[in-house]
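Only one structure is covered here, and it is reproduced in the block below.
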Amino acid sequence: MNSPHIPKHIPSDGYIPRSRQRETPRKDYKWIGKNMKRVEDPRLLTGQAGYIDDIKLPNMAYAAVLRSDRAHARIKKIDVSKANALPGVLLVMTGEDAKKVTGPTAQFASPPVVQYCIAVDRVRHVGEAVAAVVAENRYIAEDACELIDVEYEDLPVVVDPEKALLSTGDAVLHPDRGPSNVAYRKTFTFGPVDEDFADADRVVERRLRWARSGAQPLETVGAVAEYHSGTGKFTVYGNSSFVNYVGWLVGASLGVPAHKFNLIPVTTGGSFGSKLFTHKVLTLTATLARACGRPVKFIEDRLDNTMNCDNHGSDRVYYCKLALKNDGTILALKFRVIDDYGAYLQFGYGTHGNSLCQIVGPYRINSVEMELVAVLTNKCQQGAYRGFGSEVTNWMIERMVDAAADELRMDPFEIRRRNFIRPDQFPYVIPTGNLYDSGNYPAVMDEALRIADIKKWKDIQAKGRAEGRCIGIGVASCQERSVFSATEFWSLNPLDTPGFQLTSSPESTQIRIDPTGNIQVTLGSPFWGNSPETMATQIVAEQFQCDPANVNIVYAGTDSAFNSTGPGGSRFTVMIAGAIVGASMKIKEKIRRIAGQMLESSPGDLEFRDGKIGVKGVPGMEKTIGEVALFAHYFRLSLPDGDEYSGGLDASYVYDHPLTTMPAADRSHLGIFYPIMGHMCHMALVEVDPKTGKVKILDYVAVHDAGTVVNPMTLAGHIRGGTAQGIGTAFYEHFYYDENGQLLTASFADYLIPTLDEMPAQIRVGHVETPSPFTEYGIKGGGEGGRMGAPPALTRAVEDALSRYGVRVDELPLTPRRVRSLVRATEQRQGSAS
Amino acid sequence: MSTVKVNLRVNGTAYARDVEPRMLLCDFLREELELKGTHIGCEHGVCGTCTVLVDGESARACLMFAVQADGAEVRTVESLAKDGKLSLIQQAFWEKHGLQCGFCTPAMLMVATELLEHNPVPSHEDIREAVSSNLCRCTGYFNIVDAVQTAVAMIKGGKQ
């Protein structure tokens, strides 16, 4: 390993823990790195997936929710008598009713922002639950919602994050937290920012606006809950991704301990971060089931989901300054960010903790200062969406680098190259304290330029421009941090109310080889739409050198799983690989021991080969794993005494974060918290019609470095799918609230998810592999990538296409209307000048 | 609420049921017939996740009442695999990684089925046109188009 780069303001002695990697990267894998078809697919292709809405329990009733049509109001009175009288209605519950039996929903802000599964006293955004109905079927439940009369007293509405800074009196959403809608304001300084700005030749400044968009998987959130009064235990099916990390907190809201709340995972129809917890739906459905004495199903409809889900993403205003030398060297970045969290604060300020792990991008930026201003407004709360805040800072950093290139009249590729962290500088600690484990940024850019054939792109552009067309090229070179550490959730919290300072983010597995030699692998995290079963199968097959057909994957709920976190922050493949390697090593040791007895050989002379274990260098002197397994299960008396020969072949393993450290007490750095650093270079060639504002993507290239790739086909699927979401974020998607707090884009007719028509003909994908020195096999995460690189590449491409208009793009999404307004502003300026 | 009689065939089987006239076709398939392969994405007719074939034509099952399908032949994803063997289109989706979460997949399969029944040799543009009717949030659509194209090639190659 190179000698690490550590900034001067961070005590370097022992800063980087030793690597715990056991499986060092190799070239001769049998299953890792192969395009194996997904083992999940047959059940999904035949309509037998078992999503949450496919669960049906005997005697089950159905819930619907009445939602607020007001953005901010006191609830004066709710009359449920007509709803109660409707035949088929089993239960009508208001917030007051629910509060008597169920406490506030779990949340991670400190100090807390109190939230209930049904609003109590006051509604704070359109779509908040006001009452819930349980009936014999969903149709009746929805009829009954229409019969509930709610009397409101309207309160002042705030939807503009900068106006929220000034809110007073009745416009304050949570008076119990103080007389302001500013939830939090604090400045974090990492390194010698003032000195670096004093050394600058120039400073580039921008105001940037990132609009609110959301994951919007095609499956909404749902739950089926049952309460057994004889045992006092809940059994709940849900499509949460963090079942075994935070599921028990729903039990806490319900007033029962963890062992009285069994949360069972189901196949999930997409998450992209939005189903990490699903706490509101879980808490509500379980509350209703207990109250009505029957199993209850609640499945959000699309409007339930868009108006009240957990998945509205970041909604930020940035005021940025970049300190530059005239040769293009970037010295320092300073910014103020105002983030509109909506009406509640589910994940605290974690989206900014996340951002700070890669806040200098792939560049040698010496110091950073962030003033964080978190505001509350009358909008749906934020949740997690693919990138968890870092997709926004990627866009911000790349916007600022492009601004610097324009200021210095430098080529956008050249200014990036000049500032790249060099391949010989890893491991590289950035000013915030996070570590970049490895990388080769010039190689990724070179590969993108090669695939794109940049000369051809430039010819197309030159020819098009000669014809009067607006053709632009955009590039983004961005980080994709992977494998979060839990410290990101609280490291930015106020020092006097630091909250629950957890440091674990484990993943576990239980592996059991049955008497026939087939391998049963239990995962503590659910299928959320990606390929956990395929990943696990490939890694297990690699460990045992067996046929993947001999591996079967099952999922454990809270009654039986070991410590597991779940997919999020592009962590799952790295983490489950760690757990599988740990458990497999234990079992393989036992197989060696037993096979040693069977073959009368020393365990150290044995190797795994083609589903067998045999004596090295002696072909034929071997046993199948099935023969060893049968022996281990049924021939105890043929083996020596002692626990090491006890019956069966099974092991569990809890693997925790491969490399994480604590933040400094004074937060002068945040420790190592997101070190498995992927990287990407995205390039876009676009044409803009200045008359209509329509953007057409002519070509698109995405090259990613996710370390050792387990399955190139599924990784490419992530990259393309994530890029499609990035196209949506850049051009189409916006949760737009008007000044009255009405969500004008609540349905898919108005919230525009890209169809195939909005996609380029192709997204050409490349992989560069720089294995991590810290994870098993050198794997890095790659689940969020596409969405973290597409917005800045597309933004620059549009800006470049409109260069003749001197347009500067500071705000997304670049809808036709916004593009037109940018062009029109120039035309009017030119018109008035002439 | 009063009910009306609906007689229809679904995946080749005749059914007679008494249903409320307001019952949506998607709810009828899922709740009355226990065919869970037809999924509900938006209930506004936008996303196409509930697409089924009614008398051979694709239809949004969230925009149709069950009674409107009276006398019709309805096909859902459950009709595609025969005797435990995936149809060519299903195989092609598997080969080409044409799905991730799988929620939109049954509808995409029905769209592709309709296309290939009407036009066994579709052009690339024909395929894009057909697939553009439905939303997928995972794949970016590229592998879905690839899968349909692969199915066309498999049919041409006589791999029935």
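In the structure tokens, the first chain shown is A, the next is B, and so on; residue numbers restart at 1 for each chain, and ligands run from 1 in the order shown.
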Quick one: everything within 9 Å of A:Ser355, counting only C-alpha atoms, minus sequence neighbours fewer than 3 positions away in the same chain. Send it as a PyMOL selection string. chain A and resi 350-352+358-359+387-394
Need to verify the contact set: A:Gly313, 9 Å, only C-alpha atoms, exclusion of same-chain residues closer than 3 positions in sequence. Can you return it as a PyMOL selection string? chain A and resi 211-215+274+310+341+381-386+388-389
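Secondary structure of stretch 434-510 of chain A, strand (DSSP E) only (DSSP, backbone atoms): A:Leu435, A:Tyr436, A:Cys470, A:Ile471, A:Gly472, A:Ile473, A:Gly474, A:Val475, A:Ala476, A:Ser477, A:Cys478, A:Gln479, A:Glu480, A:Arg481, A:Ser482, A:Glu507, A:Ser508, A:Thr509, A:Gln510.
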Suppose we keep C-alpha atoms; can you now write the selection as a short mmCIF file (atom, residue, chain, number, x, y, z; two decimals), in the first residue's frame?
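Saved as selection-v4.cif:
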```cif
data_model
loop_
_atom_site.label_atom_id
_atom_site.label_comp_id
_atom_site.auth_asym_id
_atom_site.auth_seq_id
_atom_site.Cartn_x
_atom_site.Cartn_y
_atom_site.Cartn_z
CA LEU A 435 -11.01 8.05 3.26
CA TYR A 436 -11.02 7.17 -0.43
CA CYS A 470 -27.60 23.50 -30.78
CA ILE A 471 -25.48 20.46 -29.94
CA GLY A 472 -23.61 20.15 -26.67
CA ILE A 473 -21.20 17.84 -24.91
CA GLY A 474 -21.25 17.37 -21.15
CA VAL A 475 -18.92 15.47 -18.88
CA ALA A 476 -19.12 14.60 -15.21
CA SER A 477 -16.46 12.84 -13.18
CA CYS A 478 -18.05 11.89 -9.92
CA GLN A 479 -17.58 9.79 -6.85
CA GLU A 480 -19.85 6.97 -5.86
CA ARG A 481 -19.24 6.28 -2.21
CA SER A 482 -20.35 2.88 -1.07
CA GLU A 507 -24.95 -7.67 7.53
CA SER A 508 -25.37 -11.30 8.45
CA THR A 509 -26.01 -14.67 6.96
CA GLN A 510 -26.72 -18.17 8.14
#
```
For stretch 692-699 of chain A, please output as an MDAnalysis selection string all residues within 10 Å (counting only C-alpha atoms; exclusion window: fewer than 2 positions along the same chain). chainID A and resid 452 457 460 470:473 683:690 701 727 731 757:764 794 797:798 801 814:823
Can you work out which residues from chain A touch chain B at a cut-off of 9 Å (counting only C-alpha atoms) and hand them back as number ranges by chain? A: 37-38, 40-42, 44-51, 53-54, 139, 215-220, 267-272, 301-303, 527-531, 713-714, 717-725, 747-749, 753-757, 759, 761-763
Distance atom CA of A:Asn550-atom CA of A:Arg26, one decimal place? 23.8 Å
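Proximity to A:Glu739 at 12 Å, evaluated using only C-alpha atoms and with sequence-adjacent residues fewer than 3 positions away removed, yields Ala71, His72, Pro156, Val157, Val158, Val159, Asp160, Pro161, Lys163, Thr377, Asn378, Lys379, Tyr736, Gln742, Leu743 and Leu744 of chain A.
Our summary of the geometry notes that atom CA of A:His682 is positioned 19.2 Å from atom CA of A:Asp459.
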List as a list in words the protein and nucleic acid residues near A:Ala85, meaning an atom at most 10 Å away when only C-alpha atoms are counted, but skip any in the same chain fewer than 4 places from it. Val80, Ser81, Val89, Leu90, Ala144 and Leu147 of chain A
Hey, can you spit out that residue selection with N, CA and C atoms as a short mmCIF file (atom, residue, chain, number, x, y, z; two decimals), in the first residue's frame?
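So out.cif came out as:
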```cif
data_model
loop_
_atom_site.label_atom_id
_atom_site.label_comp_id
_atom_site.auth_asym_id
_atom_site.auth_seq_id
_atom_site.Cartn_x
_atom_site.Cartn_y
_atom_site.Cartn_z
N VAL A 80 -66.94 11.34 12.59
CA VAL A 80 -66.81 10.05 11.90
C VAL A 80 -68.11 9.25 11.93
N SER A 81 -69.20 9.88 12.40
CA SER A 81 -70.43 9.10 12.64
C SER A 81 -70.99 8.49 11.36
N VAL A 89 -68.17 -1.24 7.39
CA VAL A 89 -67.07 -0.55 8.07
C VAL A 89 -66.83 -1.20 9.42
N LEU A 90 -65.59 -1.50 9.71
CA LEU A 90 -65.24 -2.17 10.97
C LEU A 90 -64.64 -1.21 11.98
N ALA A 144 -66.08 5.13 2.96
CA ALA A 144 -66.22 5.66 4.32
C ALA A 144 -65.34 6.89 4.52
N LEU A 147 -67.01 9.97 3.79
CA LEU A 147 -68.10 10.35 4.71
C LEU A 147 -67.58 10.99 5.99
#
```
Nearest residue to A:Phe572 from the set A:Ala223, A:Val368, A:Val628, A:Ile779 (distances using only C-alpha atoms):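 For A:Phe572, the nearest of the candidates is A:Ile779.
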Can you tell me which residues surround stretch 18-23 of chain A at a distance of at most 9 Å, considering only C-alpha atoms, apart from same-chain residues fewer than 5 positions away, and format the answer as a PyMOL selection string? chain A and resi 578+581-582+658-659+773-778
Pull C-alpha atoms from the residues just selected and write them as a CSV table (one decimal), in the first residue's frame.
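Written file, selection-v9.csv:
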```csv
chain,number,residue,atom,x,y,z
A,578,GLY,CA,-18.2,-10.3,4.0
A,581,VAL,CA,-17.0,-15.3,3.4
A,582,GLY,CA,-17.1,-15.4,7.2
A,658,PRO,CA,-14.9,-3.1,6.9
A,659,LEU,CA,-13.4,0.3,7.7
A,773,PRO,CA,-8.0,-3.2,-0.5
A,774,PHE,CA,-10.5,-3.3,2.4
A,775,THR,CA,-13.4,-5.5,1.2
A,776,GLU,CA,-13.7,-9.2,0.4
A,777,TYR,CA,-12.6,-9.8,-3.2
A,778,GLY,CA,-12.1,-6.0,-3.6
```
Please measure the separation of atom CA of A:Gly611 and atom CA of A:Ile580, giving the value in Å to one decimal.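 Computing the Euclidean distance for atom CA of A:Gly611 and atom CA of A:Ile580 yields 17.2 Å.
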Mind checking DSSP for stretch 481-706 of chain A and telling me the helix (DSSP H, G or I) residues as a ChimeraX atom specification? /A:486-489,532-544,548-550,572-599,603-605,625-634,636-638,643-645
What does the file look like for those residues with C-alpha atoms, as a PDB file, in the first residue's frame?
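Dumped to out-v5.pdb:
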```pdb
ATOM      1  CA  ALA A 486     -23.954   4.484  10.755  1.00  0.00           C
ATOM      2  CA  THR A 487     -22.010   7.500  12.001  1.00  0.00           C
ATOM      3  CA  GLU A 488     -23.243   9.442   8.973  1.00  0.00           C
ATOM      4  CA  PHE A 489     -26.725   9.518  10.498  1.00  0.00           C
ATOM      5  CA  PRO A 532     -29.399 -10.163  -3.636  1.00  0.00           C
ATOM      6  CA  GLU A 533     -30.025 -13.833  -4.384  1.00  0.00           C
ATOM      7  CA  THR A 534     -27.870 -13.809  -7.481  1.00  0.00           C
ATOM      8  CA  MET A 535     -25.051 -11.977  -5.699  1.00  0.00           C
ATOM      9  CA  ALA A 536     -25.158 -14.341  -2.747  1.00  0.00           C
ATOM     10  CA  THR A 537     -25.375 -17.386  -4.995  1.00  0.00           C
ATOM     11  CA  GLN A 538     -22.335 -16.386  -7.043  1.00  0.00           C
ATOM     12  CA  ILE A 539     -20.264 -15.696  -3.940  1.00  0.00           C
ATOM     13  CA  VAL A 540     -21.318 -18.914  -2.197  1.00  0.00           C
ATOM     14  CA  ALA A 541     -20.581 -20.901  -5.358  1.00  0.00           C
ATOM     15  CA  GLU A 542     -17.171 -19.251  -5.471  1.00  0.00           C
ATOM     16  CA  GLN A 543     -16.516 -20.091  -1.829  1.00  0.00           C
ATOM     17  CA  PHE A 544     -17.465 -23.755  -2.158  1.00  0.00           C
ATOM     18  CA  PRO A 548     -24.908 -22.316  -8.297  1.00  0.00           C
ATOM     19  CA  ALA A 549     -27.875 -24.642  -8.860  1.00  0.00           C
ATOM     20  CA  ASN A 550     -26.980 -26.219  -5.497  1.00  0.00           C
ATOM     21  CA  PHE A 572     -25.311  -4.799   0.120  1.00  0.00           C
ATOM     22  CA  THR A 573     -22.997  -6.715  -2.201  1.00  0.00           C
ATOM     23  CA  VAL A 574     -19.900  -5.719  -0.244  1.00  0.00           C
ATOM     24  CA  MET A 575     -21.509  -6.522   3.078  1.00  0.00           C
ATOM     25  CA  ILE A 576     -23.160  -9.812   2.167  1.00  0.00           C
ATOM     26  CA  ALA A 577     -19.881 -10.908   0.586  1.00  0.00           C
ATOM     27  CA  GLY A 578     -18.224 -10.267   3.954  1.00  0.00           C
ATOM     28  CA  ALA A 579     -20.859 -12.258   5.810  1.00  0.00           C
ATOM     29  CA  ILE A 580     -20.777 -15.136   3.320  1.00  0.00           C
ATOM     30  CA  VAL A 581     -17.004 -15.337   3.397  1.00  0.00           C
ATOM     31  CA  GLY A 582     -17.065 -15.406   7.206  1.00  0.00           C
ATOM     32  CA  ALA A 583     -19.709 -18.126   7.465  1.00  0.00           C
ATOM     33  CA  SER A 584     -18.275 -20.157   4.590  1.00  0.00           C
ATOM     34  CA  MET A 585     -14.826 -20.189   6.124  1.00  0.00           C
ATOM     35  CA  LYS A 586     -16.230 -21.693   9.321  1.00  0.00           C
ATOM     36  CA  ILE A 587     -18.140 -24.387   7.434  1.00  0.00           C
ATOM     37  CA  LYS A 588     -15.257 -25.149   5.099  1.00  0.00           C
ATOM     38  CA  GLU A 589     -12.989 -25.689   8.069  1.00  0.00           C
ATOM     39  CA  LYS A 590     -15.436 -28.263   9.388  1.00  0.00           C
ATOM     40  CA  ILE A 591     -15.797 -29.907   5.973  1.00  0.00           C
ATOM     41  CA  ARG A 592     -12.011 -30.201   5.806  1.00  0.00           C
ATOM     42  CA  ARG A 593     -11.958 -31.753   9.241  1.00  0.00           C
ATOM     43  CA  ILE A 594     -14.645 -34.315   8.454  1.00  0.00           C
ATOM     44  CA  ALA A 595     -13.367 -35.041   4.946  1.00  0.00           C
ATOM     45  CA  GLY A 596      -9.905 -35.437   6.452  1.00  0.00           C
ATOM     46  CA  GLN A 597     -11.317 -38.234   8.569  1.00  0.00           C
ATOM     47  CA  MET A 598     -13.148 -39.760   5.614  1.00  0.00           C
ATOM     48  CA  LEU A 599     -10.108 -39.568   3.315  1.00  0.00           C
ATOM     49  CA  PRO A 603      -7.261 -31.172   6.531  1.00  0.00           C
ATOM     50  CA  GLY A 604      -4.459 -28.890   5.355  1.00  0.00           C
ATOM     51  CA  ASP A 605      -3.859 -31.091   2.298  1.00  0.00           C
ATOM     52  CA  ILE A 625     -19.769 -32.016  -0.576  1.00  0.00           C
ATOM     53  CA  GLY A 626     -22.952 -34.108  -0.479  1.00  0.00           C
ATOM     54  CA  GLU A 627     -21.059 -37.151   0.816  1.00  0.00           C
ATOM     55  CA  VAL A 628     -19.391 -35.091   3.513  1.00  0.00           C
ATOM     56  CA  ALA A 629     -22.702 -33.477   4.414  1.00  0.00           C
ATOM     57  CA  LEU A 630     -24.482 -36.804   4.718  1.00  0.00           C
ATOM     58  CA  PHE A 631     -21.664 -38.041   6.934  1.00  0.00           C
ATOM     59  CA  ALA A 632     -21.815 -34.876   9.059  1.00  0.00           C
ATOM     60  CA  HIS A 633     -25.543 -35.269   9.567  1.00  0.00           C
ATOM     61  CA  TYR A 634     -25.978 -39.009  10.114  1.00  0.00           C
ATOM     62  CA  ARG A 636     -21.697 -39.134  14.279  1.00  0.00           C
ATOM     63  CA  LEU A 637     -20.221 -42.339  15.665  1.00  0.00           C
ATOM     64  CA  SER A 638     -17.799 -42.579  12.750  1.00  0.00           C
ATOM     65  CA  ASP A 643     -17.601 -30.340  19.662  1.00  0.00           C
ATOM     66  CA  GLU A 644     -15.603 -29.712  16.508  1.00  0.00           C
ATOM     67  CA  TYR A 645     -17.304 -32.770  15.014  1.00  0.00           C
TER      68      TYR A 645
END
```
Write out as a list in words which residues come within 7 Å of stretch 113-118 of chain B when counting only C-alpha atoms, dropping same-chain ones fewer than 2 positions away. Gly56, Glu57, Ser58, Leu109, Met110, Val111, Pro120 and Ala130 of chain B
Limited to C-alpha atoms, could you put the picked residues into a file as a compact mmCIF listing (two decimals), in the first residue's frame?
```txt
# COMPACT_ATOMS: atom_id res chain seq x y z
CA GLY B 56 -56.06 -9.99 -27.90
CA GLU B 57 -55.69 -6.22 -27.38
CA SER B 58 -53.72 -4.70 -24.52
CA LEU B 109 -44.54 -9.34 -21.15
CA MET B 110 -48.17 -8.87 -22.17
CA VAL B 111 -47.28 -5.81 -24.27
CA PRO B 120 -44.10 -11.37 -35.69
CA ALA B 130 -44.81 -0.83 -28.04
```
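Shortest separation to B:Ala69 among B:Asp18, B:Asp126, B:Asp27, B:Asp55 occurs at residue B:Asp55, atoms counted being only C-alpha atoms.
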